[in-house]
Amino acid sequence: MSDLNALFEAAKSVREKAYAPYSNFLVGAAFRTPDGSVFTGCNVENASYPVSVCAEGGAVSAMIAAGHREIEEAVVVGDAALCTPCGICRQRFAEFGADNLVVHIADLNGIKRSFTLEELLPAAFELEDRKD
Ligand SMILES: [Zn+2]
């Protein structure tokens, strides 16, 4: 199994754990860091909708909690024609994405399109000294 296929399978698997009783729209995300570590997240909804967290947000929290700071490759899986990250998650990628970050967008059958951060969020807001 290729590294990318393993990342897809990790995102697809964690998607099944999503808590989405209001939208029934399950999303899974898997990130690979430069050292090869993989972190996953799924969307978690709330009766108070703004409290909900996207799959990418959960994966960022898991990555940061484990002491990592940089996403080199990401797969987002949703049961949609093209489950691209929302605007907030694009900003998350701007904060933690490696210079060569690629975000792959998949449905349940496989990867459909791949994007660089520049394609997802041109002219992203970034602070010069944000990274340590
Ligand atoms: Zn999002």
# chains A, B, ... in the order shown; residues from 1 in each chain; ligands from 1

$ residues_near_ligand --ligand "ligand 1" --cutoff "10 Å" --atoms "only C-alpha atoms and all ligand atoms" --output "number ranges by chain"
A: 27, 43, 52-58, 84-92

$ residues_around --residues "Val76 in chain A" --least-positions-apart "5" --cutoff "10 Å" --atoms "only C-alpha atoms" --output "JSON list (two decimals) with all heavy atoms, in the first residue's frame"
[["chain", "number", "residue", "atom", "x", "y", "z"],
["A", 7, "LEU", "N", -2.84, 6.94, 3.70],
["A", 7, "LEU", "CA", -3.42, 8.18, 4.24],
["A", 7, "LEU", "C", -4.90, 8.26, 3.88],
["A", 7, "LEU", "O", -5.74, 8.65, 4.71],
["A", 7, "LEU", "CB", -2.65, 9.39, 3.68],
["A", 7, "LEU", "CG", -2.64, 10.67, 4.50],
["A", 7, "LEU", "CD1", -2.07, 10.45, 5.90],
["A", 7, "LEU", "CD2", -1.88, 11.76, 3.77],
["A", 8, "PHE", "N", -5.25, 7.89, 2.66],
["A", 8, "PHE", "CA", -6.65, 7.85, 2.24],
["A", 8, "PHE", "C", -7.44, 6.87, 3.12],
["A", 8, "PHE", "O", -8.54, 7.20, 3.60],
["A", 8, "PHE", "CB", -6.77, 7.44, 0.76],
["A", 8, "PHE", "CG", -8.17, 7.07, 0.35],
["A", 8, "PHE", "CD1", -9.16, 8.03, 0.22],
["A", 8, "PHE", "CD2", -8.50, 5.74, 0.12],
["A", 8, "PHE", "CE1", -10.46, 7.68, -0.13],
["A", 8, "PHE", "CE2", -9.80, 5.38, -0.23],
["A", 8, "PHE", "CZ", -10.78, 6.36, -0.36],
["A", 10, "ALA", "N", -6.79, 5.88, 6.11],
["A", 10, "ALA", "CA", -6.90, 6.42, 7.48],
["A", 10, "ALA", "C", -8.01, 7.45, 7.56],
["A", 10, "ALA", "O", -8.80, 7.46, 8.51],
["A", 10, "ALA", "CB", -5.57, 7.02, 7.91],
["A", 11, "ALA", "N", -8.11, 8.32, 6.54],
["A", 11, "ALA", "CA", -9.16, 9.35, 6.53],
["A", 11, "ALA", "C", -10.53, 8.70, 6.35],
["A", 11, "ALA", "O", -11.50, 9.10, 7.01],
["A", 11, "ALA", "CB", -8.89, 10.35, 5.41],
["A", 12, "LYS", "N", -10.60, 7.71, 5.48],
["A", 12, "LYS", "CA", -11.88, 7.03, 5.25],
["A", 12, "LYS", "C", -12.34, 6.30, 6.51],
["A", 12, "LYS", "O", -13.52, 6.31, 6.87],
["A", 12, "LYS", "CB", -11.71, 6.05, 4.08],
["A", 12, "LYS", "CG", -12.97, 5.37, 3.64],
["A", 12, "LYS", "CD", -12.71, 4.48, 2.43],
["A", 12, "LYS", "CE", -13.91, 3.65, 2.07],
["A", 12, "LYS", "NZ", -13.65, 2.76, 0.92],
["A", 15, "ARG", "N", -13.51, 8.72, 9.25],
["A", 15, "ARG", "CA", -14.80, 9.31, 8.83],
["A", 15, "ARG", "C", -15.97, 8.54, 9.43],
["A", 15, "ARG", "O", -16.99, 9.13, 9.80],
["A", 15, "ARG", "CB", -14.89, 9.31, 7.30],
["A", 15, "ARG", "CG", -16.21, 9.81, 6.76],
["A", 15, "ARG", "CD", -16.30, 9.60, 5.25],
["A", 15, "ARG", "NE", -17.66, 9.79, 4.81],
["A", 15, "ARG", "CZ", -18.61, 8.84, 4.86],
["A", 15, "ARG", "NH1", -18.33, 7.63, 5.28],
["A", 15, "ARG", "NH2", -19.83, 9.12, 4.47],
["A", 27, "VAL", "N", -17.29, 13.36, 7.62],
["A", 27, "VAL", "CA", -16.02, 13.75, 6.99],
["A", 27, "VAL", "C", -14.88, 13.20, 7.83],
["A", 27, "VAL", "O", -14.93, 13.22, 9.07],
["A", 27, "VAL", "CB", -15.89, 15.29, 6.88],
["A", 27, "VAL", "CG1", -14.58, 15.66, 6.20],
["A", 27, "VAL", "CG2", -17.08, 15.88, 6.12],
["A", 28, "GLY", "N", -13.86, 12.72, 7.17],
["A", 28, "GLY", "CA", -12.64, 12.27, 7.83],
["A", 28, "GLY", "C", -11.44, 12.97, 7.22],
["A", 28, "GLY", "O", -11.43, 13.27, 6.02],
["A", 29, "ALA", "N", -10.45, 13.24, 8.05],
["A", 29, "ALA", "CA", -9.22, 13.87, 7.57],
["A", 29, "ALA", "C", -8.02, 13.12, 8.15],
["A", 29, "ALA", "O", -8.06, 12.68, 9.30],
["A", 29, "ALA", "CB", -9.16, 15.34, 7.97],
["A", 30, "ALA", "N", -6.99, 12.98, 7.34],
["A", 30, "ALA", "CA", -5.74, 12.38, 7.81],
["A", 30, "ALA", "C", -4.58, 13.25, 7.32],
["A", 30, "ALA", "O", -4.56, 13.64, 6.15],
["A", 30, "ALA", "CB", -5.60, 10.95, 7.30],
["A", 31, "PHE", "N", -3.67, 13.55, 8.24],
["A", 31, "PHE", "CA", -2.51, 14.39, 7.92],
["A", 31, "PHE", "C", -1.25, 13.57, 8.11],
["A", 31, "PHE", "O", -1.14, 12.79, 9.06],
["A", 31, "PHE", "CB", -2.41, 15.58, 8.88],
["A", 31, "PHE", "CG", -3.57, 16.54, 8.85],
["A", 31, "PHE", "CD1", -3.69, 17.47, 9.86],
["A", 31, "PHE", "CD2", -4.52, 16.51, 7.84],
["A", 31, "PHE", "CE1", -4.75, 18.38, 9.86],
["A", 31, "PHE", "CE2", -5.58, 17.41, 7.83],
["A", 31, "PHE", "CZ", -5.68, 18.35, 8.85],
["A", 40, "THR", "N", -5.33, 11.89, 12.60],
["A", 40, "THR", "CA", -6.65, 11.88, 11.97],
["A", 40, "THR", "C", -7.65, 12.68, 12.79],
["A", 40, "THR", "O", -7.45, 12.92, 13.98],
["A", 40, "THR", "CB", -7.17, 10.43, 11.82],
["A", 40, "THR", "OG1", -7.28, 9.84, 13.11],
["A", 40, "THR", "CG2", -6.25, 9.60, 10.93],
["A", 41, "GLY", "N", -8.74, 13.04, 12.13],
["A", 41, "GLY", "CA", -9.83, 13.72, 12.80],
["A", 41, "GLY", "C", -11.12, 13.52, 12.02],
["A", 41, "GLY", "O", -11.09, 13.22, 10.82],
["A", 42, "CYS", "N", -12.23, 13.65, 12.72],
["A", 42, "CYS", "CA", -13.55, 13.56, 12.07],
["A", 42, "CYS", "C", -14.38, 14.73, 12.55],
["A", 42, "CYS", "O", -14.08, 15.34, 13.57],
["A", 42, "CYS", "CB", -14.22, 12.23, 12.40],
["A", 42, "CYS", "SG", -14.43, 11.92, 14.16],
["A", 55, "ALA", "N", -13.51, 18.02, 10.52],
["A", 55, "ALA", "CA", -12.56, 16.91, 10.59],
["A", 55, "ALA", "C", -11.12, 17.42, 10.61],
["A", 55, "ALA", "O", -10.28, 16.93, 11.37],
["A", 55, "ALA", "CB", -12.77, 15.98, 9.40],
["A", 56, "GLU", "N", -10.85, 18.42, 9.80],
["A", 56, "GLU", "CA", -9.49, 18.97, 9.73],
["A", 56, "GLU", "C", -9.10, 19.60, 11.07],
["A", 56, "GLU", "O", -7.94, 19.51, 11.48],
["A", 56, "GLU", "CB", -9.38, 20.01, 8.62],
["A", 56, "GLU", "CG", -9.65, 19.47, 7.23],
["A", 56, "GLU", "CD", -11.12, 19.63, 6.80],
["A", 56, "GLU", "OE1", -12.03, 19.47, 7.65],
["A", 56, "GLU", "OE2", -11.34, 19.91, 5.61],
["A", 82, "LEU", "N", -17.19, 16.92, -4.33],
["A", 82, "LEU", "CA", -15.86, 17.45, -4.07],
["A", 82, "LEU", "C", -15.88, 18.11, -2.69],
["A", 82, "LEU", "O", -16.32, 19.25, -2.54],
["A", 82, "LEU", "CB", -15.46, 18.47, -5.14],
["A", 82, "LEU", "CG", -13.98, 18.78, -5.24],
["A", 82, "LEU", "CD1", -13.16, 17.54, -5.58],
["A", 82, "LEU", "CD2", -13.73, 19.88, -6.25],
["A", 83, "CYS", "N", -15.43, 17.37, -1.68],
["A", 83, "CYS", "CA", -15.50, 17.81, -0.29],
["A", 83, "CYS", "C", -14.27, 18.64, 0.06],
["A", 83, "CYS", "O", -13.41, 18.22, 0.82],
["A", 83, "CYS", "CB", -15.62, 16.60, 0.63],
["A", 83, "CYS", "SG", -15.86, 17.00, 2.35],
["A", 84, "THR", "N", -14.19, 19.84, -0.52],
["A", 84, "THR", "CA", -13.04, 20.70, -0.26],
["A", 84, "THR", "C", -13.17, 21.33, 1.13],
["A", 84, "THR", "O", -14.27, 21.48, 1.65],
["A", 84, "THR", "CB", -12.95, 21.82, -1.32],
["A", 84, "THR", "OG1", -14.20, 22.48, -1.39],
["A", 84, "THR", "CG2", -12.59, 21.25, -2.68],
["A", 85, "PRO", "N", -12.04, 21.70, 1.74],
["A", 85, "PRO", "CA", -12.08, 22.28, 3.08],
["A", 85, "PRO", "C", -12.85, 23.61, 3.10],
["A", 85, "PRO", "O", -12.79, 24.38, 2.14],
["A", 85, "PRO", "CB", -10.61, 22.53, 3.42],
["A", 85, "PRO", "CG", -9.85, 21.63, 2.50],
["A", 85, "PRO", "CD", -10.68, 21.52, 1.26],
["A", 103, "VAL", "N", -3.09, 18.97, -0.47],
["A", 103, "VAL", "CA", -4.34, 18.52, 0.15],
["A", 103, "VAL", "C", -5.13, 17.75, -0.91],
["A", 103, "VAL", "O", -5.51, 18.31, -1.94],
["A", 103, "VAL", "CB", -5.18, 19.71, 0.68],
["A", 103, "VAL", "CG1", -6.48, 19.22, 1.30],
["A", 103, "VAL", "CG2", -4.36, 20.52, 1.69],
["A", 104, "HIS", "N", -5.32, 16.47, -0.64],
["A", 104, "HIS", "CA", -6.04, 15.60, -1.57],
["A", 104, "HIS", "C", -7.50, 15.51, -1.11],
["A", 104, "HIS", "O", -7.76, 15.27, 0.08],
["A", 104, "HIS", "CB", -5.44, 14.19, -1.57],
["A", 104, "HIS", "CG", -3.97, 14.17, -1.85],
["A", 104, "HIS", "ND1", -3.46, 14.27, -3.13],
["A", 104, "HIS", "CD2", -2.90, 14.07, -1.02],
["A", 104, "HIS", "CE1", -2.13, 14.21, -3.07],
["A", 104, "HIS", "NE2", -1.76, 14.10, -1.81],
["A", 105, "ILE", "N", -8.41, 15.67, -2.04],
["A", 105, "ILE", "CA", -9.84, 15.60, -1.75],
["A", 105, "ILE", "C", -10.39, 14.31, -2.33],
["A", 105, "ILE", "O", -10.20, 14.03, -3.52],
["A", 105, "ILE", "CB", -10.59, 16.81, -2.34],
["A", 105, "ILE", "CG1", -9.92, 18.12, -1.91],
["A", 105, "ILE", "CG2", -12.05, 16.77, -1.95],
["A", 105, "ILE", "CD1", -9.79, 18.32, -0.41],
["A", 106, "ALA", "N", -11.07, 13.54, -1.47],
["A", 106, "ALA", "CA", -11.52, 12.22, -1.89],
["A", 106, "ALA", "C", -13.00, 12.01, -1.59],
["A", 106, "ALA", "O", -13.56, 12.62, -0.67],
["A", 106, "ALA", "CB", -10.70, 11.15, -1.17],
["A", 107, "ASP", "N", -13.61, 11.13, -2.37],
["A", 107, "ASP", "CA", -14.89, 10.57, -1.97],
["A", 107, "ASP", "C", -14.61, 9.16, -1.45],
["A", 107, "ASP", "O", -13.44, 8.81, -1.24],
["A", 107, "ASP", "CB", -15.92, 10.62, -3.10],
["A", 107, "ASP", "CG", -15.55, 9.73, -4.28],
["A", 107, "ASP", "OD1", -14.63, 8.88, -4.14],
["A", 107, "ASP", "OD2", -16.18, 9.88, -5.34],
["A", 111, "ILE", "N", -9.22, 9.34, -4.27],
["A", 111, "ILE", "CA", -8.87, 10.75, -4.42],
["A", 111, "ILE", "C", -9.38, 11.27, -5.76],
["A", 111, "ILE", "O", -9.20, 10.63, -6.80],
["A", 111, "ILE", "CB", -7.34, 10.93, -4.28],
["A", 111, "ILE", "CG1", -6.96, 10.62, -2.83],
["A", 111, "ILE", "CG2", -6.91, 12.33, -4.69],
["A", 111, "ILE", "CD1", -5.49, 10.47, -2.59]]

$ select_by_dssp --residues "chain A" --states "helix (DSSP H, G or I)" --output "JSON, numbers by chain"
{"A": [3, 4, 5, 6, 7, 8, 9, 10, 11, 12, 13, 14, 15, 49, 50, 51, 55, 56, 57, 58, 59, 60, 61, 62, 63, 64, 65, 87, 88, 89, 90, 91, 92, 93, 94, 95, 96, 117, 118, 119, 120]}

$ residues_around --residues "Glu118 in chain A" --least-positions-apart "5" --cutoff "12 Å" --atoms "only C-alpha atoms" --output "PyMOL selection string"
chain A and resi 90-91+93-94+97-103+123-125

$ select_by_dssp --residues "range 7-42 of chain A" --states "strand (DSSP E or B)" --output "PyMOL selection string"
chain A and resi 19+27-32+38-42

$ write_last_selection --atoms "N, CA and C atoms" --output "JSON list (two decimals), in the first residue's frame"
[["chain", "number", "residue", "atom", "x", "y", "z"],
["A", 19, "TYR", "N", -19.32, 12.36, 14.33],
["A", 19, "TYR", "CA", -20.57, 12.60, 15.05],
["A", 19, "TYR", "C", -21.30, 13.70, 14.29],
["A", 27, "VAL", "N", -17.29, 13.36, 7.62],
["A", 27, "VAL", "CA", -16.02, 13.75, 6.99],
["A", 27, "VAL", "C", -14.88, 13.20, 7.83],
["A", 28, "GLY", "N", -13.86, 12.72, 7.17],
["A", 28, "GLY", "CA", -12.64, 12.27, 7.83],
["A", 28, "GLY", "C", -11.44, 12.97, 7.22],
["A", 29, "ALA", "N", -10.45, 13.24, 8.05],
["A", 29, "ALA", "CA", -9.22, 13.87, 7.57],
["A", 29, "ALA", "C", -8.02, 13.12, 8.15],
["A", 30, "ALA", "N", -6.99, 12.98, 7.34],
["A", 30, "ALA", "CA", -5.74, 12.38, 7.81],
["A", 30, "ALA", "C", -4.58, 13.25, 7.32],
["A", 31, "PHE", "N", -3.67, 13.55, 8.24],
["A", 31, "PHE", "CA", -2.51, 14.39, 7.92],
["A", 31, "PHE", "C", -1.25, 13.57, 8.11],
["A", 32, "ARG", "N", -0.28, 13.81, 7.23],
["A", 32, "ARG", "CA", 1.05, 13.24, 7.43],
["A", 32, "ARG", "C", 2.02, 14.38, 7.70],
["A", 38, "VAL", "N", 1.17, 10.11, 11.28],
["A", 38, "VAL", "CA", -0.17, 10.35, 10.72],
["A", 38, "VAL", "C", -1.13, 10.70, 11.85],
["A", 39, "PHE", "N", -1.92, 11.73, 11.63],
["A", 39, "PHE", "CA", -2.94, 12.16, 12.60],
["A", 39, "PHE", "C", -4.27, 12.27, 11.88],
["A", 40, "THR", "N", -5.33, 11.89, 12.60],
["A", 40, "THR", "CA", -6.65, 11.88, 11.97],
["A", 40, "THR", "C", -7.65, 12.68, 12.79],
["A", 41, "GLY", "N", -8.74, 13.04, 12.13],
["A", 41, "GLY", "CA", -9.83, 13.72, 12.80],
["A", 41, "GLY", "C", -11.12, 13.52, 12.02],
["A", 42, "CYS", "N", -12.23, 13.65, 12.72],
["A", 42, "CYS", "CA", -13.55, 13.56, 12.07],
["A", 42, "CYS", "C", -14.38, 14.73, 12.55]]

$ closest_residue --among "A:Leu108, A:Ala66, A:Ala18, A:Ala81" --to "Thr33 in chain A" --atoms "only C-alpha atoms"
A:Ala66

$ closest_residue --among "A:Glu95, A:Gly78, A:Ser114, A:Glu16" --to "Glu126 in chain A" --atoms "only C-alpha atoms"
A:Glu95

$ atom_distance --atom1 "CA of Tyr49 in chain A" --atom2 "CA of Tyr22 in chain A"
8.9 Å

$ closest_residue --among "A:Asn109, A:Ser23, A:Ser13, A:Ser37" --to "Glu73 in chain A" --atoms "only C-alpha atoms"
A:Ser37

$ atom_distance --atom1 "CA of Val60 in chain A" --atom2 "CA of Phe96 in chain A"
8.2 Å

$ closest_residue --among "A:Val77, A:Ala20, A:Gly67, A:Pro34" --to "Asn46 in chain A" --atoms "only C-alpha atoms"
A:Ala20

$ atom_distance --atom1 "CA of Gly110 in chain A" --atom2 "CA of Ile71 in chain A"
20.4 Å

$ decode --residues "range 66-78 of chain A" --atoms "all heavy atoms" --output "PDB file, in the first residue's frame"
ATOM      1  N   ALA A  66       0.292  16.048  20.014  1.00  0.00           N
ATOM      2  CA  ALA A  66       1.391  15.080  19.953  1.00  0.00           C
ATOM      3  C   ALA A  66       2.742  15.753  19.742  1.00  0.00           C
ATOM      4  O   ALA A  66       3.768  15.069  19.632  1.00  0.00           O
ATOM      5  CB  ALA A  66       1.127  14.074  18.832  1.00  0.00           C
ATOM      6  N   GLY A  67       2.750  17.073  19.681  1.00  0.00           N
ATOM      7  CA  GLY A  67       4.013  17.791  19.585  1.00  0.00           C
ATOM      8  C   GLY A  67       4.482  18.087  18.175  1.00  0.00           C
ATOM      9  O   GLY A  67       5.632  18.495  17.979  1.00  0.00           O
ATOM     10  N   HIS A  68       3.623  17.927  17.192  1.00  0.00           N
ATOM     11  CA  HIS A  68       3.997  18.214  15.798  1.00  0.00           C
ATOM     12  C   HIS A  68       3.409  19.555  15.385  1.00  0.00           C
ATOM     13  O   HIS A  68       2.416  20.016  15.952  1.00  0.00           O
ATOM     14  CB  HIS A  68       3.496  17.101  14.873  1.00  0.00           C
ATOM     15  CG  HIS A  68       4.160  15.785  15.135  1.00  0.00           C
ATOM     16  ND1 HIS A  68       5.243  15.334  14.411  1.00  0.00           N
ATOM     17  CD2 HIS A  68       3.919  14.837  16.063  1.00  0.00           C
ATOM     18  CE1 HIS A  68       5.631  14.158  14.880  1.00  0.00           C
ATOM     19  NE2 HIS A  68       4.837  13.833  15.888  1.00  0.00           N
ATOM     20  N   ARG A  69       4.034  20.176  14.391  1.00  0.00           N
ATOM     21  CA  ARG A  69       3.628  21.512  13.988  1.00  0.00           C
ATOM     22  C   ARG A  69       3.419  21.685  12.485  1.00  0.00           C
ATOM     23  O   ARG A  69       3.052  22.773  12.048  1.00  0.00           O
ATOM     24  CB  ARG A  69       4.693  22.545  14.435  1.00  0.00           C
ATOM     25  CG  ARG A  69       4.843  22.690  15.933  1.00  0.00           C
ATOM     26  CD  ARG A  69       3.698  23.486  16.501  1.00  0.00           C
ATOM     27  NE  ARG A  69       3.900  23.834  17.892  1.00  0.00           N
ATOM     28  CZ  ARG A  69       3.485  23.074  18.904  1.00  0.00           C
ATOM     29  NH1 ARG A  69       2.869  21.945  18.667  1.00  0.00           N
ATOM     30  NH2 ARG A  69       3.682  23.454  20.148  1.00  0.00           N
ATOM     31  N   GLU A  70       3.688  20.640  11.699  1.00  0.00           N
ATOM     32  CA  GLU A  70       3.700  20.857  10.250  1.00  0.00           C
ATOM     33  C   GLU A  70       3.016  19.716   9.513  1.00  0.00           C
ATOM     34  O   GLU A  70       3.314  18.552   9.737  1.00  0.00           O
ATOM     35  CB  GLU A  70       5.145  21.005   9.758  1.00  0.00           C
ATOM     36  CG  GLU A  70       5.244  21.516   8.343  1.00  0.00           C
ATOM     37  CD  GLU A  70       6.673  21.864   7.975  1.00  0.00           C
ATOM     38  OE1 GLU A  70       7.574  21.017   8.154  1.00  0.00           O
ATOM     39  OE2 GLU A  70       6.894  22.993   7.491  1.00  0.00           O
ATOM     40  N   ILE A  71       2.110  20.078   8.607  1.00  0.00           N
ATOM     41  CA  ILE A  71       1.399  19.105   7.759  1.00  0.00           C
ATOM     42  C   ILE A  71       2.069  19.099   6.393  1.00  0.00           C
ATOM     43  O   ILE A  71       2.181  20.143   5.746  1.00  0.00           O
ATOM     44  CB  ILE A  71      -0.083  19.493   7.573  1.00  0.00           C
ATOM     45  CG1 ILE A  71      -0.762  19.696   8.919  1.00  0.00           C
ATOM     46  CG2 ILE A  71      -0.808  18.442   6.736  1.00  0.00           C
ATOM     47  CD1 ILE A  71      -2.077  20.473   8.826  1.00  0.00           C
ATOM     48  N   GLU A  72       2.489  17.916   5.969  1.00  0.00           N
ATOM     49  CA  GLU A  72       3.128  17.821   4.653  1.00  0.00           C
ATOM     50  C   GLU A  72       2.136  17.341   3.581  1.00  0.00           C
ATOM     51  O   GLU A  72       2.232  17.737   2.420  1.00  0.00           O
ATOM     52  CB  GLU A  72       4.322  16.862   4.721  1.00  0.00           C
ATOM     53  CG  GLU A  72       5.181  16.864   3.475  1.00  0.00           C
ATOM     54  CD  GLU A  72       6.496  16.168   3.726  1.00  0.00           C
ATOM     55  OE1 GLU A  72       6.519  14.928   3.723  1.00  0.00           O
ATOM     56  OE2 GLU A  72       7.494  16.876   3.941  1.00  0.00           O
ATOM     57  N   GLU A  73       1.215  16.475   3.987  1.00  0.00           N
ATOM     58  CA  GLU A  73       0.251  15.930   3.041  1.00  0.00           C
ATOM     59  C   GLU A  73      -1.040  15.663   3.806  1.00  0.00           C
ATOM     60  O   GLU A  73      -1.000  15.236   4.970  1.00  0.00           O
ATOM     61  CB  GLU A  73       0.800  14.629   2.435  1.00  0.00           C
ATOM     62  CG  GLU A  73       0.012  14.089   1.268  1.00  0.00           C
ATOM     63  CD  GLU A  73       0.764  12.968   0.545  1.00  0.00           C
ATOM     64  OE1 GLU A  73       1.477  12.196   1.203  1.00  0.00           O
ATOM     65  OE2 GLU A  73       0.613  12.880  -0.693  1.00  0.00           O
ATOM     66  N   ALA A  74      -2.163  15.911   3.156  1.00  0.00           N
ATOM     67  CA  ALA A  74      -3.450  15.717   3.820  1.00  0.00           C
ATOM     68  C   ALA A  74      -4.438  15.074   2.861  1.00  0.00           C
ATOM     69  O   ALA A  74      -4.400  15.317   1.657  1.00  0.00           O
ATOM     70  CB  ALA A  74      -4.000  17.062   4.302  1.00  0.00           C
ATOM     71  N   VAL A  75      -5.303  14.241   3.414  1.00  0.00           N
ATOM     72  CA  VAL A  75      -6.430  13.679   2.664  1.00  0.00           C
ATOM     73  C   VAL A  75      -7.701  13.997   3.430  1.00  0.00           C
ATOM     74  O   VAL A  75      -7.763  13.793   4.646  1.00  0.00           O
ATOM     75  CB  VAL A  75      -6.301  12.148   2.484  1.00  0.00           C
ATOM     76  CG1 VAL A  75      -7.557  11.586   1.814  1.00  0.00           C
ATOM     77  CG2 VAL A  75      -5.057  11.793   1.678  1.00  0.00           C
ATOM     78  N   VAL A  76      -8.698  14.522   2.726  1.00  0.00           N
ATOM     79  CA  VAL A  76     -10.009  14.788   3.303  1.00  0.00           C
ATOM     80  C   VAL A  76     -11.025  13.946   2.534  1.00  0.00           C
ATOM     81  O   VAL A  76     -11.091  14.024   1.302  1.00  0.00           O
ATOM     82  CB  VAL A  76     -10.374  16.290   3.217  1.00  0.00           C
ATOM     83  CG1 VAL A  76     -11.759  16.542   3.812  1.00  0.00           C
ATOM     84  CG2 VAL A  76      -9.317  17.138   3.917  1.00  0.00           C
ATOM     85  N   VAL A  77     -11.789  13.144   3.274  1.00  0.00           N
ATOM     86  CA  VAL A  77     -12.759  12.241   2.653  1.00  0.00           C
ATOM     87  C   VAL A  77     -14.172  12.616   3.084  1.00  0.00           C
ATOM     88  O   VAL A  77     -14.461  12.714   4.278  1.00  0.00           O
ATOM     89  CB  VAL A  77     -12.497  10.769   3.059  1.00  0.00           C
ATOM     90  CG1 VAL A  77     -13.576   9.855   2.466  1.00  0.00           C
ATOM     91  CG2 VAL A  77     -11.123  10.315   2.598  1.00  0.00           C
ATOM     92  N   GLY A  78     -15.032  12.830   2.114  1.00  0.00           N
ATOM     93  CA  GLY A  78     -16.440  13.084   2.383  1.00  0.00           C
ATOM     94  C   GLY A  78     -17.265  12.459   1.281  1.00  0.00           C
ATOM     95  O   GLY A  78     -16.767  12.195   0.186  1.00  0.00           O
TER      96      GLY A  78
END
